[in-house]
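run_34.json follows (JSON, C-alpha atoms and all ligand atoms):
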[["chain", "number", "residue", "atom", "x", "y", "z"],
["A", 19, "MET", "CA", 0.00, 0.00, 0.00],
["A", 20, "SER", "CA", 1.20, 3.45, -0.80],
["A", 21, "GLY", "CA", 0.66, 4.68, 2.79],
["A", 22, "GLN", "CA", 3.09, 2.16, 4.33],
["A", 23, "ILE", "CA", 6.67, 3.19, 5.02],
["A", 24, "LEU", "CA", 8.92, 0.33, 3.86],
["A", 25, "PRO", "CA", 12.61, -0.10, 4.70],
["A", 26, "ARG", "CA", 14.90, 1.35, 2.04],
["A", 27, "TRP", "CA", 16.12, -2.09, 0.89],
["A", 28, "ARG", "CA", 12.54, -3.29, 0.45],
["A", 29, "ARG", "CA", 11.67, -0.25, -1.63],
["A", 30, "TRP", "CA", 14.74, -0.84, -3.85],
["A", 31, "ALA", "CA", 13.89, -4.55, -4.17],
["A", 32, "ASN", "CA", 10.28, -3.79, -5.08],
["A", 33, "ALA", "CA", 11.26, -1.11, -7.56],
["A", 34, "SER", "CA", 13.86, -3.28, -9.31],
["A", 35, "THR", "CA", 11.29, -6.08, -9.66],
["A", 36, "ASN", "CA", 9.35, -3.61, -11.75],
["A", 37, "TRP", "CA", 12.12, -3.75, -14.38],
["A", 38, "PHE", "CA", 10.57, -7.04, -15.55],
["A", 39, "ASP", "CA", 7.12, -7.19, -14.00],
["A", 40, "THR", "CA", 5.10, -4.06, -13.41],
["A", 41, "GLY", "CA", 2.68, -6.01, -11.23],
["A", 42, "PRO", "CA", -0.94, -7.13, -11.53],
["A", 43, "LEU", "CA", -3.35, -4.56, -12.86],
["A", 44, "ASN", "CA", -6.39, -3.59, -10.86],
["A", 45, "PRO", "CA", -8.88, -1.22, -12.46],
["A", 46, "SER", "CA", -10.10, 0.06, -9.13],
["A", 47, "ARG", "CA", -9.67, 3.55, -7.83],
["A", 48, "GLU", "CA", -7.18, 2.23, -5.25],
["A", 49, "ASP", "CA", -4.66, 1.50, -7.96],
["A", 50, "ALA", "CA", -5.09, 4.85, -9.64],
["A", 51, "ALA", "CA", -2.51, 7.61, -9.74],
["A", 52, "LEU", "CA", -3.73, 9.05, -6.47],
["A", 53, "PRO", "CA", -2.14, 12.11, -4.90],
["A", 54, "GLU", "CA", -0.80, 10.14, -1.90],
["A", 55, "ILE", "CA", 1.56, 8.12, -4.13],
["A", 56, "PRO", "CA", 4.96, 9.81, -3.71],
["A", 57, "ASP", "CA", 5.71, 12.29, -6.47],
["A", 58, "ARG", "CA", 9.50, 11.83, -6.30],
["A", 59, "VAL", "CA", 11.99, 10.15, -8.60],
["A", 60, "GLU", "CA", 12.24, 6.39, -8.04],
["A", 61, "TRP", "CA", 15.94, 5.80, -8.70],
["A", 62, "ALA", "CA", 15.92, 2.00, -8.36],
["A", 63, "ARG", "CA", 13.13, 1.55, -10.87],
["A", 64, "ILE", "CA", 14.63, 3.85, -13.50],
["A", 65, "VAL", "CA", 18.07, 2.21, -13.64],
["A", 66, "PRO", "CA", 17.23, 0.60, -17.03],
["A", 67, "PHE", "CA", 16.09, 3.99, -18.39],
["A", 68, "ILE", "CA", 19.43, 5.52, -17.40],
["A", 69, "ALA", "CA", 21.31, 2.48, -18.75],
["A", 70, "VAL", "CA", 19.61, 2.76, -22.17],
["A", 71, "HIS", "CA", 21.02, 6.30, -22.44],
["A", 72, "ALA", "CA", 24.46, 5.36, -21.06],
["A", 73, "THR", "CA", 24.86, 2.43, -23.44],
["A", 74, "CYS", "CA", 24.82, 4.82, -26.41],
["A", 75, "ILE", "CA", 28.37, 5.77, -25.36],
["A", 76, "GLY", "CA", 29.30, 2.29, -26.56],
["A", 77, "VAL", "CA", 29.51, 3.82, -30.05],
["A", 78, "ILE", "CA", 33.09, 4.80, -29.11],
["A", 79, "TRP", "CA", 34.04, 1.11, -29.14],
["A", 80, "VAL", "CA", 31.74, -0.36, -31.79],
["A", 81, "GLY", "CA", 32.09, 2.42, -34.37],
["A", 82, "TRP", "CA", 29.58, 2.95, -37.14],
["A", 83, "SER", "CA", 28.69, 1.76, -40.62],
["A", 84, "PRO", "CA", 26.12, 2.94, -43.19],
["A", 85, "ILE", "CA", 24.04, -0.22, -42.67],
["A", 86, "ALA", "CA", 23.93, 0.25, -38.87],
["A", 87, "VAL", "CA", 22.83, 3.88, -39.26],
["A", 88, "LEU", "CA", 20.21, 2.85, -41.84],
["A", 89, "VAL", "CA", 18.80, 0.22, -39.48],
["A", 90, "ALA", "CA", 18.78, 2.76, -36.62],
["A", 91, "VAL", "CA", 16.86, 5.32, -38.71],
["A", 92, "THR", "CA", 14.39, 2.65, -39.83],
["A", 93, "ALA", "CA", 13.88, 1.43, -36.25],
["A", 94, "TYR", "CA", 13.28, 5.06, -35.20],
["A", 95, "PHE", "CA", 10.57, 5.69, -37.77],
["A", 96, "VAL", "CA", 8.83, 2.31, -37.42],
["A", 97, "ARG", "CA", 8.61, 2.71, -33.65],
["A", 98, "MET", "CA", 7.68, 6.40, -33.81],
["A", 99, "PHE", "CA", 4.81, 5.36, -36.08],
["A", 100, "ALA", "CA", 3.85, 2.63, -33.60],
["A", 101, "ILE", "CA", 3.66, 5.24, -30.85],
["A", 102, "THR", "CA", 1.73, 7.88, -32.80],
["A", 103, "GLY", "CA", -0.44, 5.57, -34.91],
["A", 104, "PHE", "CA", -1.17, 2.88, -32.34],
["A", 105, "TYR", "CA", -0.45, 4.00, -28.73],
["A", 106, "HIS", "CA", -1.77, 7.49, -29.36],
["A", 107, "ARG", "CA", -4.37, 7.48, -32.14],
["A", 108, "TYR", "CA", -5.65, 3.94, -31.55],
["A", 109, "PHE", "CA", -5.29, 2.98, -27.88],
["A", 110, "SER", "CA", -5.62, 6.47, -26.38],
["A", 111, "HIS", "CA", -8.23, 7.98, -28.69],
["A", 112, "ARG", "CA", -9.81, 5.01, -30.52],
["A", 113, "SER", "CA", -9.77, 7.08, -33.71],
["A", 114, "PHE", "CA", -10.10, 3.99, -35.93],
["A", 115, "LYS", "CA", -11.02, 0.33, -35.62],
["A", 116, "THR", "CA", -9.18, -2.94, -36.18],
["A", 117, "SER", "CA", -9.49, -6.64, -35.35],
["A", 118, "ARG", "CA", -8.58, -8.06, -31.94],
["A", 119, "VAL", "CA", -5.48, -9.70, -33.43],
["A", 120, "GLY", "CA", -4.55, -6.42, -35.11],
["A", 121, "GLN", "CA", -4.98, -4.62, -31.81],
["A", 122, "PHE", "CA", -2.58, -6.98, -30.06],
["A", 123, "ILE", "CA", 0.02, -6.67, -32.83],
["A", 124, "PHE", "CA", -0.28, -2.87, -32.60],
["A", 125, "GLY", "CA", 0.33, -3.19, -28.85],
["A", 126, "LEU", "CA", 3.44, -5.33, -29.43],
["A", 127, "LEU", "CA", 4.84, -2.85, -31.94],
["A", 128, "GLY", "CA", 4.17, 0.04, -29.56],
["A", 129, "ALA", "CA", 5.85, -1.78, -26.67],
["A", 130, "SER", "CA", 9.01, -2.17, -28.79],
["A", 131, "ALA", "CA", 9.54, 1.61, -28.38],
["A", 132, "VAL", "CA", 10.21, 1.00, -24.64],
["A", 133, "GLN", "CA", 7.55, 3.44, -23.47],
["A", 134, "ARG", "CA", 5.75, 0.93, -21.23],
["A", 135, "GLY", "CA", 2.57, -0.92, -22.22],
["A", 136, "PRO", "CA", -0.48, 0.41, -24.11],
["A", 137, "LEU", "CA", -2.68, 0.63, -20.99],
["A", 138, "TRP", "CA", -0.12, 2.70, -19.07],
["A", 139, "TRP", "CA", 0.45, 4.99, -22.07],
["A", 140, "ALA", "CA", -3.22, 5.47, -22.90],
["A", 141, "ALA", "CA", -4.29, 6.00, -19.27],
["A", 142, "HIS", "CA", -1.76, 8.79, -18.74],
["A", 143, "HIS", "CA", -2.56, 10.35, -22.09],
["A", 144, "ARG", "CA", -6.30, 10.42, -21.47],
["A", 145, "HIS", "CA", -5.55, 12.05, -18.12],
["A", 146, "HIS", "CA", -3.52, 14.69, -20.00],
["A", 147, "HIS", "CA", -6.46, 15.53, -22.25],
["A", 148, "ALA", "CA", -8.84, 15.70, -19.28],
["A", 149, "HIS", "CA", -6.63, 18.16, -17.38],
["A", 150, "SER", "CA", -4.44, 19.80, -20.07],
["A", 151, "ASP", "CA", -2.14, 22.40, -18.53],
["A", 152, "LYS", "CA", -4.02, 22.36, -15.24],
["A", 153, "PRO", "CA", -2.19, 21.45, -11.98],
["A", 154, "GLU", "CA", -3.41, 17.83, -12.35],
["A", 155, "ASP", "CA", -1.63, 17.52, -15.73],
["A", 156, "ALA", "CA", 1.57, 15.65, -14.80],
["A", 157, "HIS", "CA", 3.49, 16.79, -17.88],
["A", 158, "SER", "CA", 2.39, 20.35, -18.41],
["A", 159, "PRO", "CA", 5.38, 22.61, -19.17],
["A", 160, "VAL", "CA", 3.20, 25.58, -18.22],
["A", 161, "GLN", "CA", 2.75, 24.17, -14.72],
["A", 162, "TYR", "CA", 6.02, 22.33, -14.13],
["A", 163, "GLY", "CA", 8.65, 23.49, -16.63],
["A", 164, "PHE", "CA", 10.64, 21.78, -19.36],
["A", 165, "ILE", "CA", 12.49, 18.94, -17.58],
["A", 166, "ARG", "CA", 9.49, 17.61, -15.74],
["A", 167, "SER", "CA", 7.16, 17.81, -18.74],
["A", 168, "HIS", "CA", 9.79, 16.22, -21.00],
["A", 169, "MET", "CA", 10.70, 13.22, -18.84],
["A", 170, "GLY", "CA", 10.62, 13.90, -15.10],
["A", 171, "TRP", "CA", 6.94, 13.07, -14.72],
["A", 172, "PHE", "CA", 7.21, 9.36, -15.54],
["A", 173, "LEU", "CA", 10.33, 8.78, -13.43],
["A", 174, "THR", "CA", 8.37, 9.18, -10.21],
["A", 175, "ALA", "CA", 6.42, 6.63, -8.18],
["A", 176, "ARG", "CA", 3.20, 8.45, -9.04],
["A", 177, "GLY", "CA", 3.95, 8.44, -12.76],
["A", 178, "PHE", "CA", 4.63, 4.70, -12.62],
["A", 179, "ARG", "CA", 1.03, 3.95, -11.63],
["A", 180, "PRO", "CA", -1.59, 4.74, -14.29],
["A", 181, "ASP", "CA", -5.19, 5.58, -13.50],
["A", 182, "LEU", "CA", -6.57, 2.36, -14.95],
["A", 183, "TYR", "CA", -10.09, 3.60, -14.43],
["A", 184, "ARG", "CA", -9.53, 5.69, -17.55],
["A", 185, "VAL", "CA", -8.81, 2.63, -19.72],
["A", 186, "ARG", "CA", -11.62, 0.33, -18.61],
["A", 187, "ASP", "CA", -12.46, -0.27, -22.29],
["A", 188, "LEU", "CA", -8.95, -1.68, -22.88],
["A", 189, "MET", "CA", -8.76, -3.56, -19.57],
["A", 190, "GLN", "CA", -11.33, -6.09, -20.82],
["A", 191, "PHE", "CA", -8.66, -7.69, -23.05],
["A", 192, "PRO", "CA", -6.48, -10.11, -21.03],
["A", 193, "GLU", "CA", -3.79, -10.10, -23.72],
["A", 194, "LEU", "CA", -3.41, -6.32, -23.34],
["A", 195, "ARG", "CA", -3.23, -6.64, -19.54],
["A", 196, "TRP", "CA", -0.51, -9.28, -19.98],
["A", 197, "LEU", "CA", 1.41, -7.07, -22.40],
["A", 198, "ASP", "CA", 1.17, -4.12, -20.06],
["A", 199, "ARG", "CA", 2.50, -6.18, -17.15],
["A", 200, "PHE", "CA", 5.44, -7.77, -19.02],
["A", 201, "ASP", "CA", 6.08, -5.07, -21.62],
["A", 202, "THR", "CA", 9.85, -5.31, -21.08],
["A", 203, "LEU", "CA", 9.93, -8.64, -22.92],
["A", 204, "ILE", "CA", 9.30, -6.93, -26.26],
["A", 205, "PRO", "CA", 12.26, -4.51, -26.28],
["A", 206, "VAL", "CA", 14.52, -7.26, -24.90],
["A", 207, "ALA", "CA", 13.52, -9.44, -27.87],
["A", 208, "LEU", "CA", 14.21, -6.52, -30.23],
["A", 209, "ALA", "CA", 17.66, -5.97, -28.71],
["A", 210, "VAL", "CA", 18.50, -9.67, -29.13],
["A", 211, "PHE", "CA", 17.28, -9.49, -32.75],
["A", 212, "MET", "CA", 19.48, -6.45, -33.46],
["A", 213, "PHE", "CA", 22.56, -8.17, -32.02],
["A", 214, "ALA", "CA", 21.83, -11.34, -34.01],
["A", 215, "LEU", "CA", 21.28, -9.32, -37.20],
["A", 216, "GLY", "CA", 24.64, -7.58, -36.81],
["A", 217, "ALA", "CA", 26.45, -10.86, -36.02],
["A", 218, "LEU", "CA", 24.85, -12.51, -39.05],
["A", 219, "LEU", "CA", 25.80, -9.66, -41.38],
["A", 220, "GLU", "CA", 29.34, -9.70, -40.02],
["A", 221, "ARG", "CA", 29.63, -13.34, -41.04],
["A", 222, "LEU", "CA", 27.69, -13.27, -44.33],
["A", 223, "ALA", "CA", 28.61, -9.80, -45.60],
["A", 224, "PRO", "CA", 31.81, -8.61, -43.91],
["A", 225, "GLY", "CA", 32.09, -5.81, -46.48],
["A", 226, "LEU", "CA", 29.24, -3.98, -44.73],
["A", 227, "GLY", "CA", 31.57, -3.36, -41.78],
["A", 228, "THR", "CA", 29.05, -4.08, -39.05],
["A", 229, "SER", "CA", 28.93, -6.42, -36.04],
["A", 230, "GLY", "CA", 26.55, -7.65, -33.36],
["A", 231, "GLY", "CA", 27.66, -5.02, -30.86],
["A", 232, "GLN", "CA", 27.49, -2.22, -33.41],
["A", 233, "MET", "CA", 23.99, -3.12, -34.56],
["A", 234, "LEU", "CA", 22.86, -3.43, -30.94],
["A", 235, "VAL", "CA", 24.13, 0.07, -30.09],
["A", 236, "TRP", "CA", 22.78, 1.75, -33.25],
["A", 237, "GLY", "CA", 19.68, -0.32, -34.07],
["A", 238, "PHE", "CA", 18.42, -0.57, -30.52],
["A", 239, "PHE", "CA", 19.97, 1.89, -28.06],
["A", 240, "ILE", "CA", 20.60, 5.01, -30.15],
["A", 241, "SER", "CA", 17.34, 4.71, -32.09],
["A", 242, "THR", "CA", 15.43, 4.10, -28.82],
["A", 243, "VAL", "CA", 16.88, 7.21, -27.19],
["A", 244, "ALA", "CA", 16.12, 9.29, -30.30],
["A", 245, "CYS", "CA", 12.56, 7.92, -30.35],
["A", 246, "TYR", "CA", 12.21, 8.68, -26.63],
["A", 247, "HIS", "CA", 13.13, 12.32, -26.92],
["A", 248, "GLY", "CA", 11.25, 12.81, -30.19],
["A", 249, "THR", "CA", 8.09, 11.57, -28.47],
["A", 250, "TYR", "CA", 8.72, 13.64, -25.34],
["A", 251, "THR", "CA", 8.86, 16.89, -27.32],
["A", 252, "ILE", "CA", 5.10, 16.67, -27.80],
["A", 253, "ASN", "CA", 4.57, 16.95, -24.05],
["A", 254, "SER", "CA", 7.25, 19.58, -23.50],
["A", 255, "LEU", "CA", 7.84, 21.73, -26.61],
["A", 256, "SER", "CA", 4.43, 21.32, -28.31],
["A", 257, "HIS", "CA", 2.80, 23.09, -25.39],
["A", 258, "VAL", "CA", 5.23, 26.03, -25.67],
["A", 259, "PHE", "CA", 6.43, 26.71, -29.24],
["A", 260, "GLY", "CA", 4.26, 27.16, -32.33],
["A", 261, "CYS", "CA", 0.94, 28.56, -33.50],
["A", 262, "GLN", "CA", -2.39, 28.20, -31.79],
["A", 263, "ARG", "CA", -5.18, 27.98, -34.34],
["A", 264, "TYR", "CA", -7.93, 27.07, -31.89],
["A", 265, "ARG", "CA", -8.75, 28.36, -28.44],
["A", 266, "THR", "CA", -8.55, 25.01, -26.71],
["A", 267, "GLY", "CA", -8.18, 26.40, -23.18],
["A", 268, "ASP", "CA", -4.66, 24.94, -22.89],
["A", 269, "ALA", "CA", -1.22, 25.85, -24.27],
["A", 270, "SER", "CA", -1.11, 23.27, -27.09],
["A", 271, "ARG", "CA", 0.56, 24.52, -30.32],
["A", 272, "ASN", "CA", 0.96, 23.53, -33.93],
["A", 273, "ASN", "CA", 4.63, 23.14, -34.84],
["A", 274, "TRP", "CA", 5.69, 21.92, -38.31],
["A", 275, "LEU", "CA", 9.21, 20.89, -37.23],
["A", 276, "LEU", "CA", 7.91, 18.72, -34.38],
["A", 277, "ALA", "CA", 5.32, 17.31, -36.80],
["A", 278, "LEU", "CA", 8.15, 16.11, -39.08],
["A", 279, "ILE", "CA", 10.17, 14.62, -36.21],
["A", 280, "THR", "CA", 7.14, 12.82, -34.78],
["A", 281, "LEU", "CA", 5.39, 11.86, -38.03],
["A", 282, "GLY", "CA", 2.47, 14.24, -37.50],
["A", 283, "GLU", "CA", 2.12, 14.68, -33.75],
["A", 284, "GLY", "CA", 3.36, 18.29, -33.93],
["A", 285, "TRP", "CA", -0.11, 19.46, -35.07],
["A", 286, "HIS", "CA", -0.88, 19.35, -31.40],
["A", 287, "ASN", "CA", -3.27, 22.29, -31.15],
["A", 288, "ASN", "CA", -5.37, 20.71, -33.91],
["A", 289, "HIS", "CA", -5.28, 17.50, -31.94],
["A", 290, "HIS", "CA", -6.34, 19.11, -28.66],
["A", 291, "HIS", "CA", -9.22, 20.78, -30.49],
["A", 292, "PHE", "CA", -10.51, 17.52, -31.96],
["A", 293, "PRO", "CA", -8.68, 14.59, -30.29],
["A", 294, "SER", "CA", -10.79, 11.80, -31.76],
["A", 295, "SER", "CA", -9.76, 12.46, -35.38],
["A", 296, "ALA", "CA", -7.36, 9.94, -36.92],
["A", 297, "ARG", "CA", -5.84, 12.89, -38.74],
["A", 298, "GLN", "CA", -3.86, 15.61, -36.94],
["A", 299, "GLY", "CA", -2.68, 17.68, -39.91],
["A", 300, "PHE", "CA", -6.04, 19.18, -40.83],
["A", 301, "TYR", "CA", -4.95, 20.66, -44.19],
["A", 302, "TRP", "CA", -2.98, 19.21, -47.09],
["A", 303, "TRP", "CA", 0.04, 21.35, -46.25],
["A", 304, "GLU", "CA", 0.12, 20.08, -42.65],
["A", 305, "ILE", "CA", 2.28, 17.00, -43.23],
["A", 306, "ASP", "CA", 0.99, 14.11, -41.15],
["A", 307, "ILE", "CA", 2.89, 10.99, -42.22],
["A", 308, "THR", "CA", 1.18, 8.81, -39.61],
["A", 309, "TYR", "CA", -2.18, 9.62, -41.17],
["A", 310, "TYR", "CA", -0.93, 8.76, -44.66],
["A", 311, "ILE", "CA", 0.26, 5.35, -43.40],
["A", 312, "LEU", "CA", -3.02, 4.77, -41.55],
["A", 313, "LYS", "CA", -4.93, 5.65, -44.71],
["A", 314, "PHE", "CA", -2.83, 3.15, -46.66],
["A", 315, "MET", "CA", -3.48, 0.50, -44.00],
["A", 316, "SER", "CA", -7.21, 1.16, -44.34],
["A", 317, "TRP", "CA", -7.00, 0.52, -48.10],
["A", 318, "LEU", "CA", -5.43, -2.85, -47.27],
["A", 319, "GLY", "CA", -8.29, -3.62, -44.86],
["A", 320, "ILE", "CA", -6.03, -3.84, -41.78],
["A", 321, "ILE", "CA", -7.89, -0.95, -40.09],
["A", 322, "TRP", "CA", -11.20, 0.77, -40.83],
["A", 323, "ASP", "CA", -13.63, 3.50, -39.76],
["A", 324, "LEU", "CA", -10.99, 6.23, -39.51],
["A", 325, "LYS", "CA", -12.67, 9.17, -37.80],
["A", 326, "PRO", "CA", -12.47, 12.25, -40.05],
["A", 327, "VAL", "CA", -11.99, 15.92, -39.19],
["A", 328, "PRO", "CA", -15.40, 17.64, -39.27],
["A", 329, "ILE", "CA", -15.50, 20.36, -41.94],
["A", 330, "VAL", "CA", -16.82, 22.89, -39.41],
["A", 331, "ILE", "CA", -13.73, 22.36, -37.22],
["A", 332, "ARG", "CA", -11.27, 22.87, -40.07],
["A", 333, "ASP", "CA", -12.95, 26.12, -41.11],
["A", 334, "HIS", "CA", -10.95, 28.53, -38.93],
["A", 335, "SER", "CA", -8.26, 31.00, -39.84],
["A", 336, "PRO", "CA", -4.87, 30.47, -38.14],
["A", 337, "ARG", "CA", -4.02, 32.65, -35.15],
["A", 338, "ARG", "CA", -0.34, 33.05, -34.32],
["A", 339, "ILE", "CA", 0.59, 33.13, -30.64],
["A", 340, "ALA", "CA", 4.28, 32.39, -30.43],
["B", 401, "ZN", "ZN", -1.04, 17.92, -25.20],
["B", 402, "ZN", "ZN", -3.97, 12.84, -27.62]]
Now, as a test, write the supplied structure out as structure tokens.
Amino acid sequence: MSGQILPRWRRWANASTNWFDTGPLNPSREDAALPEIPDRVEWARIVPFIAVHATCIGVIWVGWSPIAVLVAVTAYFVRMFAITGFYHRYFSHRSFKTSRVGQFIFGLLGASAVQRGPLWWAAHHRHHHAHSDKPEDAHSPVQYGFIRSHMGWFLTARGFRPDLYRVRDLMQFPELRWLDRFDTLIPVALAVFMFALGALLERLAPGLGTSGGQMLVWGFFISTVACYHGTYTINSLSHVFGCQRYRTGDASRNNWLLALITLGEGWHNNHHHFPSSARQGFYWWEIDITYYILKFMSWLGIIWDLKPVPIVIRDHSPRRIA
């Protein structure tokens, strides 16, 4: 229970268990992100997060090759799409439909970006929309500044626990609850795959100049860190820099540069104005690569019923704020 004071060693033991098993999920109010859960950084639990960053220094020893950089860039964009297209537009906002198998595969792909499971992600994101830039909004830069909105908010004990009450619709799927509990398995499998790919290429195509260690550092660690901080900019910078077309009552902005980095998420003021749309770039000149891919997937029949942007919502003239 959150109210109990445990010995320091017990707290470290419990927190390090969470590296592999985030614990059973209980959709009751007791398990929600309640104010009494400590809002301080949980150092034992975030050791892997720090290690993922530190391991990038390994590039000094493993070097680089064009194939390793190409794989890293590909892994960045595939996983960024999984976050924006699936964790955000599907699990958080249900802006299109798919099959149950498709839903689980989308969850697996999202988990490969090492941003926890789909229930955790969606629960916190729905909370953000319910309290945007109010004191309850854990990652509002207006309330708490850059560092906390960028990454500090999920390093705390409170950030670790999602308000599962907000994702009751997703909690009915046992496979999603399983994925959310053991989400670490997916990135571990990806890391093993990257090492094996590099080792295989070293043996079969030595001219490419890569190795298991090199592909692990570039294909997994560097691309993961880039994907991390690209995603985080939407919480931190997209509520500070850019234009505000709609009076949404929060500080969300439209920012073309962040939209390119995040495959469309930078049209954040549009999104706050009409969150349930599958499309975030409301006009043809607002490049929204995630939407183009989702549209293509709908032509293939993998997803369907993409929610459109109502004409009445698009019909506003832009208003520059910053
Ligand atoms: Zn926002
Ligand atoms: Zn959203």
Taking only C-alpha atoms and all ligand atoms into account, which residues have an atom no farther than 8 Å from ligand ZN 402 (chain B)? I'd like them as a PDB file with C-alpha atoms, keeping the file's coordinate frame.
ATOM      1  CA  HIS A 106      -1.770   7.490 -29.360  1.00  0.00           C
ATOM      2  CA  ARG A 107      -4.370   7.480 -32.140  1.00  0.00           C
ATOM      3  CA  SER A 110      -5.620   6.470 -26.380  1.00  0.00           C
ATOM      4  CA  HIS A 111      -8.230   7.980 -28.690  1.00  0.00           C
ATOM      5  CA  HIS A 143      -2.560  10.350 -22.090  1.00  0.00           C
ATOM      6  CA  ARG A 144      -6.300  10.420 -21.470  1.00  0.00           C
ATOM      7  CA  HIS A 146      -3.520  14.690 -20.000  1.00  0.00           C
ATOM      8  CA  HIS A 147      -6.460  15.530 -22.250  1.00  0.00           C
ATOM      9  CA  HIS A 289      -5.280  17.500 -31.940  1.00  0.00           C
ATOM     10  CA  HIS A 290      -6.340  19.110 -28.660  1.00  0.00           C
ATOM     11  CA  PRO A 293      -8.680  14.590 -30.290  1.00  0.00           C
TER      12      PRO A 293
END
Calculated over all atoms listed in the file, which of the candidates A:Trp274, A:Tyr246, A:Trp171, A:Tyr264 has the smallest distance to A:Pro56?
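The closest residue to A:Pro56 is A:Trp171.
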Selected residue, from A:Val70, A:Ile252, A:Val235, A:Ile101, that lies nearest to ligand ZN 401 (chain B) when counting only C-alpha atoms and all ligand atoms
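Between A:Val70, A:Ile252, A:Val235, A:Ile101, the residue approaching ligand ZN 401 (chain B) most closely is A:Ile252.
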Enumerate, in order of chain and increasing residue number, the residues of chain A with an atom no farther than 12 Å from ligand ZN 401 (chain B), each with its shortest atom pair and distance in Å to one decimal, counting all atoms listed in the file, as CSV.
residue,atom,partner,partner_atom,distance
A:His106,CA,B:ZN401,ZN,11.3
A:His142,CA,B:ZN401,ZN,11.2
A:His143,CA,B:ZN401,ZN,8.3
A:Arg144,CA,B:ZN401,ZN,9.9
A:His145,CA,B:ZN401,ZN,10.2
A:His146,CA,B:ZN401,ZN,6.6
A:His147,CA,B:ZN401,ZN,6.6
A:Ala148,CA,B:ZN401,ZN,10.0
A:His149,CA,B:ZN401,ZN,9.6
A:Ser150,CA,B:ZN401,ZN,6.4
A:Asp151,CA,B:ZN401,ZN,8.1
A:Lys152,CA,B:ZN401,ZN,11.3
A:Asp155,CA,B:ZN401,ZN,9.5
A:Ala156,CA,B:ZN401,ZN,11.0
A:His157,CA,B:ZN401,ZN,8.7
A:Ser158,CA,B:ZN401,ZN,8.0
A:Pro159,CA,B:ZN401,ZN,10.0
A:Val160,CA,B:ZN401,ZN,11.2
A:Ser167,CA,B:ZN401,ZN,10.4
A:His168,CA,B:ZN401,ZN,11.7
A:Thr249,CA,B:ZN401,ZN,11.6
A:Tyr250,CA,B:ZN401,ZN,10.7
A:Thr251,CA,B:ZN401,ZN,10.2
A:Ile252,CA,B:ZN401,ZN,6.8
A:Asn253,CA,B:ZN401,ZN,5.8
A:Ser254,CA,B:ZN401,ZN,8.6
A:Leu255,CA,B:ZN401,ZN,9.8
A:Ser256,CA,B:ZN401,ZN,7.2
A:His257,CA,B:ZN401,ZN,6.4
A:Val258,CA,B:ZN401,ZN,10.3
A:Thr266,CA,B:ZN401,ZN,10.4
A:Gly267,CA,B:ZN401,ZN,11.3
A:Asp268,CA,B:ZN401,ZN,8.2
A:Ala269,CA,B:ZN401,ZN,8.0
A:Ser270,CA,B:ZN401,ZN,5.7
A:Arg271,CA,B:ZN401,ZN,8.5
A:Asn272,CA,B:ZN401,ZN,10.6
A:Glu283,CA,B:ZN401,ZN,9.7
A:Gly284,CA,B:ZN401,ZN,9.8
A:Trp285,CA,B:ZN401,ZN,10.0
A:His286,CA,B:ZN401,ZN,6.4
A:Asn287,CA,B:ZN401,ZN,7.7
A:Asn288,CA,B:ZN401,ZN,10.1
A:His289,CA,B:ZN401,ZN,8.0
A:His290,CA,B:ZN401,ZN,6.4
A:His291,CA,B:ZN401,ZN,10.2
A:Phe292,CA,B:ZN401,ZN,11.6
A:Pro293,CA,B:ZN401,ZN,9.8
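Minimum atom-to-atom distances from A:Phe99, A:Trp138, A:Phe172, A:Trp236 to A:Trp82 were compared using only C-alpha atoms, and the lowest value belongs to A:Trp236.
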Quick one: residues within 10 Å of stretch 28-40 of chain A, only C-alpha atoms counted, chain neighbours fewer than 5 positions away excluded, as a ChimeraX atom specification?
/A:23,60-67,134-135,175,178-179,196,198-203
Between atom CA of A:Ala129 and atom CA of A:Tyr183, distance in Å (one decimal)
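Between atom CA of A:Ala129 and atom CA of A:Tyr183 the gap is 20.8 Å.
Distance-wise, atom CA of A:Arg221 and atom CA of A:Phe95 end up 27.1 Å apart.
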Counting only C-alpha atoms, the option among A:Leu194, A:Ala93, A:Phe114, A:Gly170 closest to A:Lys313
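Ranked by minimum distance to A:Lys313, first place goes to A:Phe114.
Here atom CA of A:Val132 and atom CA of A:Asp306 stand 23.0 Å from one another.
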